Amino acid sequence: MRQGQPVGLRRVAMVGAVGLRVGTYGATPEHELLVPVLAEALRRARLSHRDVDGMVFTHPRPYCRQRYFSTHIQSYLRTPMSFVLEVVGNGMTGGQAFRQAADAVASGRVDVCVVLGVSRESHVPTAEHMAETSSKAVGDVDFHTPFGINPLTWLALAAQRYLVDYGGSTEMFAEVAVKNRRHAALNPLAHLVNPLTRADVLGSRLIADPLRLLDCPPRDDGAVAIVLVPEERAGEFTDRPVLLKGYGEYHSGTHMLNDRPGNLLAFPAIERASSAAYAMAGVTAADIDVAEIYAPTTNMELIVAEGLGLFPKGRAGAATLDGETALDGHVPICTSGGCQSRGHPPLVTPLYNIVEVFQQLRDEADRRQVPNARLALTTSELGLMDAILVEIFESGD
Amino acid sequence: MSDGIEAFLPRITDDSRPFWDGIKEGRFQARRCRPCGELYFPPHMICPFCFGNELQWVTLCGHGTLYAFTRMWAVPKPFRSRVPYVVGVVDLDEGLRVFAKIQGAYEDLTIGARVEFVPELLAAEVYLFTFRRSVVKDERA
């Protein structure tokens, strides 16, 4: 595996990262959610929109009436530029958009590149969304989807195996939700902030056994804009840049299920992608100060944390019960409140994860600040860990 | 059909028709690649191990072991009238892992249970492959 930074590429810095408070915005159309967020991200990076020379958008949901969304926004803002892209990557959409923007800066194709997107979900009823879109994304439409599945089906199967293979308990899952709610209560961008107990989670209605409503994310709306520049120019835009130190990506060649019987929780993509990211950054899992994991359901936070090497296999559940993943624990995870409480606008959830570590690494996270956070890790994934992106960031001040 | 289930029917093509005809007739088939010998599922038209296309249909014994299962309560709209139902992962005796509906009550199922293939009508004369706890005791049970 290649060690260290790629030769011949510029290093990339984040100089602005802004998100809309996650929630439900009713009939407000996509562009009205996104444009104010973009304007604020540019203002904070002391940029005019005329200074931007590249934009990478997350491709909006099929429900978005405005097609060619990126071209529409370009026209809306009268922003001619040399590089515009709309990216699709299922659950990794936001992460893929970030990587495309970072690559464009690293290669010298553009200098000031904004990665931005909007995920508008709440106006479509859940059962309709599953019927129209999500059940057809999470499996082979001829051999999986006819059984009446949704994304949570697969995460529930992984949850059951976590309980059986590792002697886990649903209290462990519930504590992930409780811990994330405590974090969300300290995050102005979070959707759900009322106090939560394990009994609340374990008493909520079943969605896909053993997962219950409060193990699962709400269906949220959200919008994010993040400004990337080459590291050598970062000082023009901020005193406290956040540096992209490493990244990894791996696609395991499966769509939810491998037809060769084996350990369902092995998830080779996580280990491959995170090993590449650690090698590029020149760090190990033990060096990570804060991790913002893409985990729609509580059990997946445990499984991904273990895959990343933050805990040994089967140990993240007990660690969570012991408070080790809370703000004051030794590996704080999902300080934003995570998908269950910060909220989950799926197309841009990976970008919200990056917004959170931007704030943590700039010492801007206020009451949820992890003291002396220097190195942060983010993930995004699609399917049942069919593919995953891992990014490692470092405080640049 | 007015409940929208037709949008969930598998697309039956010239290539896949033998599989779906077999399901309706009570035979669960996979494909084996003649050049490389690998058995695989779903029975797609190219061998995923060697990209070969000299394929043969293989009728499996229809018996397997339940690896994981979940009971669905929140489902796509056309499936609402069927809630709750159980789906899961079965490891077939020939060494293939498949996903399918699992018949029977959730409470009666356990990981490691022996299960057997049984076709079930979805709609429009299309039968899906499902599994239920084995009724015929076999030596592995």
# chains A, B, ... in the order shown; residues from 1 in each chain; ligands from 1
call {"tool": "residues_around", "arguments": {"residues": "Val75 of chain B", "least_positions_apart": "6", "cutoff": "9 Å", "atoms": "only C-alpha atoms", "output": "JSON, numbers by chain"}}
result
{"A": [126, 127, 130, 131, 135, 148, 149, 150, 207], "B": [83, 84]}
call {"tool": "residues_around", "arguments": {"residues": "Arg65 of chain A", "least_positions_apart": "5", "cutoff": "10 Å", "atoms": "only C-alpha atoms", "output": "VMD selection string"}}
result
chain A and resid 29 to 30 60
call {"tool": "interface_residues", "arguments": {"of": "chain B", "to": "chain A", "cutoff": "8 Å", "atoms": "only C-alpha atoms", "output": "PyMOL selection string"}}
result
chain B and resi 8-11+40-42+68-79+87-88+91+95-101+128
call {"tool": "write_last_selection", "arguments": {"atoms": "N, CA and C atoms", "output": "compact mmCIF listing (two decimals), in the first residue's frame"}}
result
# COMPACT_ATOMS: atom_id res chain seq x y z
N PHE B 8 -42.95 -4.46 -8.65
CA PHE B 8 -41.97 -5.25 -7.90
C PHE B 8 -41.78 -6.65 -8.46
N LEU B 9 -42.48 -6.97 -9.52
CA LEU B 9 -42.31 -8.29 -10.13
C LEU B 9 -40.92 -8.39 -10.75
N PRO B 10 -40.27 -9.53 -10.61
CA PRO B 10 -38.98 -9.68 -11.30
C PRO B 10 -39.20 -9.59 -12.81
N ARG B 11 -38.22 -9.05 -13.51
CA ARG B 11 -38.29 -8.96 -14.97
C ARG B 11 -37.87 -10.31 -15.53
N TYR B 40 -23.06 -20.31 -9.02
CA TYR B 40 -23.28 -18.96 -8.50
C TYR B 40 -24.76 -18.60 -8.53
N PHE B 41 -25.10 -17.52 -7.75
CA PHE B 41 -26.46 -17.03 -7.64
C PHE B 41 -26.42 -15.55 -7.28
N PRO B 42 -27.32 -14.72 -7.81
CA PRO B 42 -28.37 -15.01 -8.78
C PRO B 42 -27.81 -15.54 -10.11
N ALA B 68 -29.53 -15.58 8.94
CA ALA B 68 -29.98 -14.34 9.59
C ALA B 68 -31.38 -14.05 9.10
N PHE B 69 -32.17 -13.36 9.92
CA PHE B 69 -33.53 -13.02 9.49
C PHE B 69 -34.03 -11.81 10.25
N THR B 70 -34.98 -11.12 9.65
CA THR B 70 -35.59 -9.96 10.29
C THR B 70 -37.07 -9.93 9.94
N ARG B 71 -37.84 -9.32 10.83
CA ARG B 71 -39.27 -9.18 10.59
C ARG B 71 -39.54 -7.72 10.22
N MET B 72 -40.16 -7.52 9.07
CA MET B 72 -40.35 -6.19 8.52
C MET B 72 -41.68 -5.59 8.97
N TRP B 73 -41.60 -4.38 9.53
CA TRP B 73 -42.80 -3.65 9.97
C TRP B 73 -43.01 -2.38 9.15
N ALA B 74 -41.96 -1.76 8.71
CA ALA B 74 -42.04 -0.53 7.89
C ALA B 74 -41.58 -0.91 6.50
N VAL B 75 -42.46 -0.84 5.53
CA VAL B 75 -42.19 -1.47 4.23
C VAL B 75 -42.64 -0.58 3.08
N PRO B 76 -42.19 -0.90 1.86
CA PRO B 76 -42.67 -0.17 0.69
C PRO B 76 -44.20 -0.27 0.58
N LYS B 77 -44.80 0.80 0.11
CA LYS B 77 -46.25 0.93 0.15
C LYS B 77 -47.00 -0.32 -0.38
N PRO B 78 -46.61 -0.91 -1.51
CA PRO B 78 -47.39 -2.04 -2.02
C PRO B 78 -47.37 -3.27 -1.11
N PHE B 79 -46.46 -3.29 -0.13
CA PHE B 79 -46.33 -4.45 0.74
C PHE B 79 -47.03 -4.25 2.09
N VAL B 87 -38.02 -11.83 6.28
CA VAL B 87 -37.08 -12.08 5.19
C VAL B 87 -35.74 -12.46 5.82
N GLY B 88 -34.91 -13.13 5.07
CA GLY B 88 -33.65 -13.53 5.67
C GLY B 88 -32.65 -14.08 4.69
N ASP B 91 -28.19 -20.14 3.85
CA ASP B 91 -27.02 -20.79 3.27
C ASP B 91 -27.44 -22.17 2.77
N GLY B 95 -23.61 -24.66 -0.86
CA GLY B 95 -22.60 -23.64 -0.61
C GLY B 95 -22.90 -22.30 -1.25
N LEU B 96 -24.17 -21.99 -1.41
CA LEU B 96 -24.57 -20.68 -1.93
C LEU B 96 -25.42 -19.96 -0.89
N ARG B 97 -25.21 -18.67 -0.77
CA ARG B 97 -25.99 -17.84 0.15
C ARG B 97 -27.03 -17.07 -0.67
N VAL B 98 -28.29 -17.13 -0.24
CA VAL B 98 -29.36 -16.42 -0.94
C VAL B 98 -30.19 -15.63 0.06
N PHE B 99 -30.84 -14.61 -0.47
CA PHE B 99 -31.78 -13.79 0.31
C PHE B 99 -33.18 -14.14 -0.14
N ALA B 100 -34.12 -14.27 0.77
CA ALA B 100 -35.48 -14.65 0.39
C ALA B 100 -36.45 -14.35 1.52
N LYS B 101 -37.73 -14.44 1.18
CA LYS B 101 -38.76 -14.42 2.20
C LYS B 101 -38.68 -15.72 2.99
N LEU B 128 -42.28 -16.50 -6.34
CA LEU B 128 -40.96 -16.22 -5.78
C LEU B 128 -40.46 -17.43 -5.01
call {"tool": "residues_around", "arguments": {"residues": "Tyr247 of chain A", "least_positions_apart": "4", "cutoff": "10 Å", "atoms": "only C-alpha atoms", "output": "PyMOL selection string"}}
result
chain A and resi 5+99+273-281+377-379+389-393
call {"tool": "write_last_selection", "arguments": {"atoms": "N, CA, C and O atoms", "output": "mmCIF file, in the first residue's frame"}}
result
data_model
loop_
_atom_site.group_PDB
_atom_site.id
_atom_site.type_symbol
_atom_site.label_atom_id
_atom_site.label_comp_id
_atom_site.auth_asym_id
_atom_site.auth_seq_id
_atom_site.Cartn_x
_atom_site.Cartn_y
_atom_site.Cartn_z
ATOM 1 N N GLN A 5 1.672 11.091 1.332
ATOM 2 C CA GLN A 5 0.863 11.902 0.412
ATOM 3 C C GLN A 5 1.197 11.542 -1.042
ATOM 4 O O GLN A 5 2.337 11.217 -1.353
ATOM 5 N N ARG A 99 -14.861 14.102 -2.608
ATOM 6 C CA ARG A 99 -13.634 13.584 -3.213
ATOM 7 C C ARG A 99 -13.383 14.165 -4.595
ATOM 8 O O ARG A 99 -12.245 14.453 -4.982
ATOM 9 N N ALA A 273 -10.453 0.417 2.793
ATOM 10 C CA ALA A 273 -10.483 1.880 2.630
ATOM 11 C C ALA A 273 -9.794 2.580 3.796
ATOM 12 O O ALA A 273 -9.055 3.557 3.600
ATOM 13 N N SER A 274 -10.026 2.097 5.015
ATOM 14 C CA SER A 274 -9.432 2.797 6.156
ATOM 15 C C SER A 274 -7.923 2.568 6.210
ATOM 16 O O SER A 274 -7.171 3.485 6.553
ATOM 17 N N SER A 275 -7.467 1.371 5.821
ATOM 18 C CA SER A 275 -6.017 1.137 5.803
ATOM 19 C C SER A 275 -5.330 2.091 4.832
ATOM 20 O O SER A 275 -4.263 2.637 5.130
ATOM 21 N N ALA A 276 -5.961 2.299 3.673
ATOM 22 C CA ALA A 276 -5.391 3.226 2.689
ATOM 23 C C ALA A 276 -5.354 4.647 3.244
ATOM 24 O O ALA A 276 -4.361 5.380 3.072
ATOM 25 N N ALA A 277 -6.426 5.038 3.931
ATOM 26 C CA ALA A 277 -6.485 6.402 4.473
ATOM 27 C C ALA A 277 -5.446 6.606 5.573
ATOM 28 O O ALA A 277 -4.751 7.633 5.601
ATOM 29 N N TYR A 278 -5.341 5.617 6.471
ATOM 30 C CA TYR A 278 -4.334 5.745 7.539
ATOM 31 C C TYR A 278 -2.924 5.812 6.942
ATOM 32 O O TYR A 278 -2.085 6.593 7.393
ATOM 33 N N ALA A 279 -2.656 4.991 5.928
ATOM 34 C CA ALA A 279 -1.318 4.970 5.333
ATOM 35 C C ALA A 279 -0.994 6.317 4.693
ATOM 36 O O ALA A 279 0.112 6.848 4.851
ATOM 37 N N MET A 280 -1.979 6.871 3.959
ATOM 38 C CA MET A 280 -1.707 8.160 3.305
ATOM 39 C C MET A 280 -1.465 9.257 4.334
ATOM 40 O O MET A 280 -0.609 10.128 4.163
ATOM 41 N N ALA A 281 -2.252 9.216 5.425
ATOM 42 C CA ALA A 281 -2.123 10.256 6.452
ATOM 43 C C ALA A 281 -0.913 10.014 7.361
ATOM 44 O O ALA A 281 -0.520 10.901 8.116
ATOM 45 N N LEU A 377 -11.654 11.660 11.695
ATOM 46 C CA LEU A 377 -11.949 10.703 10.627
ATOM 47 C C LEU A 377 -13.433 10.782 10.282
ATOM 48 O O LEU A 377 -14.272 10.924 11.164
ATOM 49 N N THR A 378 -13.735 10.710 8.982
ATOM 50 C CA THR A 378 -15.133 10.665 8.533
ATOM 51 C C THR A 378 -15.300 9.474 7.591
ATOM 52 O O THR A 378 -14.349 9.032 6.941
ATOM 53 N N THR A 379 -16.535 8.969 7.534
ATOM 54 C CA THR A 379 -16.822 7.888 6.588
ATOM 55 C C THR A 379 -18.136 8.167 5.868
ATOM 56 O O THR A 379 -18.968 8.938 6.330
ATOM 57 N N LEU A 389 -16.058 5.163 1.729
ATOM 58 C CA LEU A 389 -15.034 6.205 1.640
ATOM 59 C C LEU A 389 -14.622 6.575 3.059
ATOM 60 O O LEU A 389 -15.468 6.668 3.941
ATOM 61 N N VAL A 390 -13.341 6.781 3.244
ATOM 62 C CA VAL A 390 -12.820 7.218 4.543
ATOM 63 C C VAL A 390 -11.951 8.443 4.293
ATOM 64 O O VAL A 390 -11.136 8.448 3.362
ATOM 65 N N GLU A 391 -12.139 9.491 5.096
ATOM 66 C CA GLU A 391 -11.283 10.677 5.006
ATOM 67 C C GLU A 391 -10.669 10.953 6.383
ATOM 68 O O GLU A 391 -11.315 10.725 7.407
ATOM 69 N N ILE A 392 -9.436 11.432 6.360
ATOM 70 C CA ILE A 392 -8.769 11.835 7.604
ATOM 71 C C ILE A 392 -8.351 13.299 7.469
ATOM 72 O O ILE A 392 -7.743 13.692 6.460
ATOM 73 N N PHE A 393 -8.716 14.084 8.448
ATOM 74 C CA PHE A 393 -8.463 15.520 8.446
ATOM 75 C C PHE A 393 -7.581 15.901 9.636
ATOM 76 O O PHE A 393 -7.626 15.259 10.688
#
call {"tool": "closest_residue", "arguments": {"among": "B:Leu121, B:Val135, B:Cys50, B:Cys61", "to": "Glu38 of chain B", "atoms": "only C-alpha atoms"}}
result
B:Cys50
call {"tool": "select_by_dssp", "arguments": {"residues": "chain B", "states": "strand (DSSP E or B)", "output": "JSON, numbers by chain"}}
result
{"B": [29, 30, 31, 32, 33, 39, 40, 55, 56, 57, 58, 59, 63, 64, 65, 66, 67, 68, 69, 70, 71, 72, 85, 86, 87, 88, 89, 90, 91, 92, 97, 98, 99, 100, 101, 102, 114, 115, 116, 117, 118, 119, 120, 121, 122, 123, 126, 127, 128, 129, 130, 131, 132, 133]}
call {"tool": "atom_distance", "arguments": {"atom1": "atom CA of Ser48 of chain A", "atom2": "atom CA of Gly246 of chain A"}}
result
28.9 Å
call {"tool": "residues_around", "arguments": {"residues": "Ile23 of chain B", "least_positions_apart": "3", "cutoff": "8 Å", "atoms": "only C-alpha atoms", "output": "list in words"}}
result
Phe19, Trp20, Gly26, Arg27, Phe28, Gln29, Pro119, Tyr127, Leu128 and Phe129 of chain B
call {"tool": "atom_distance", "arguments": {"atom1": "atom CA of Asp14 of chain B", "atom2": "atom CA of Ile46 of chain B"}}
result
14.0 Å
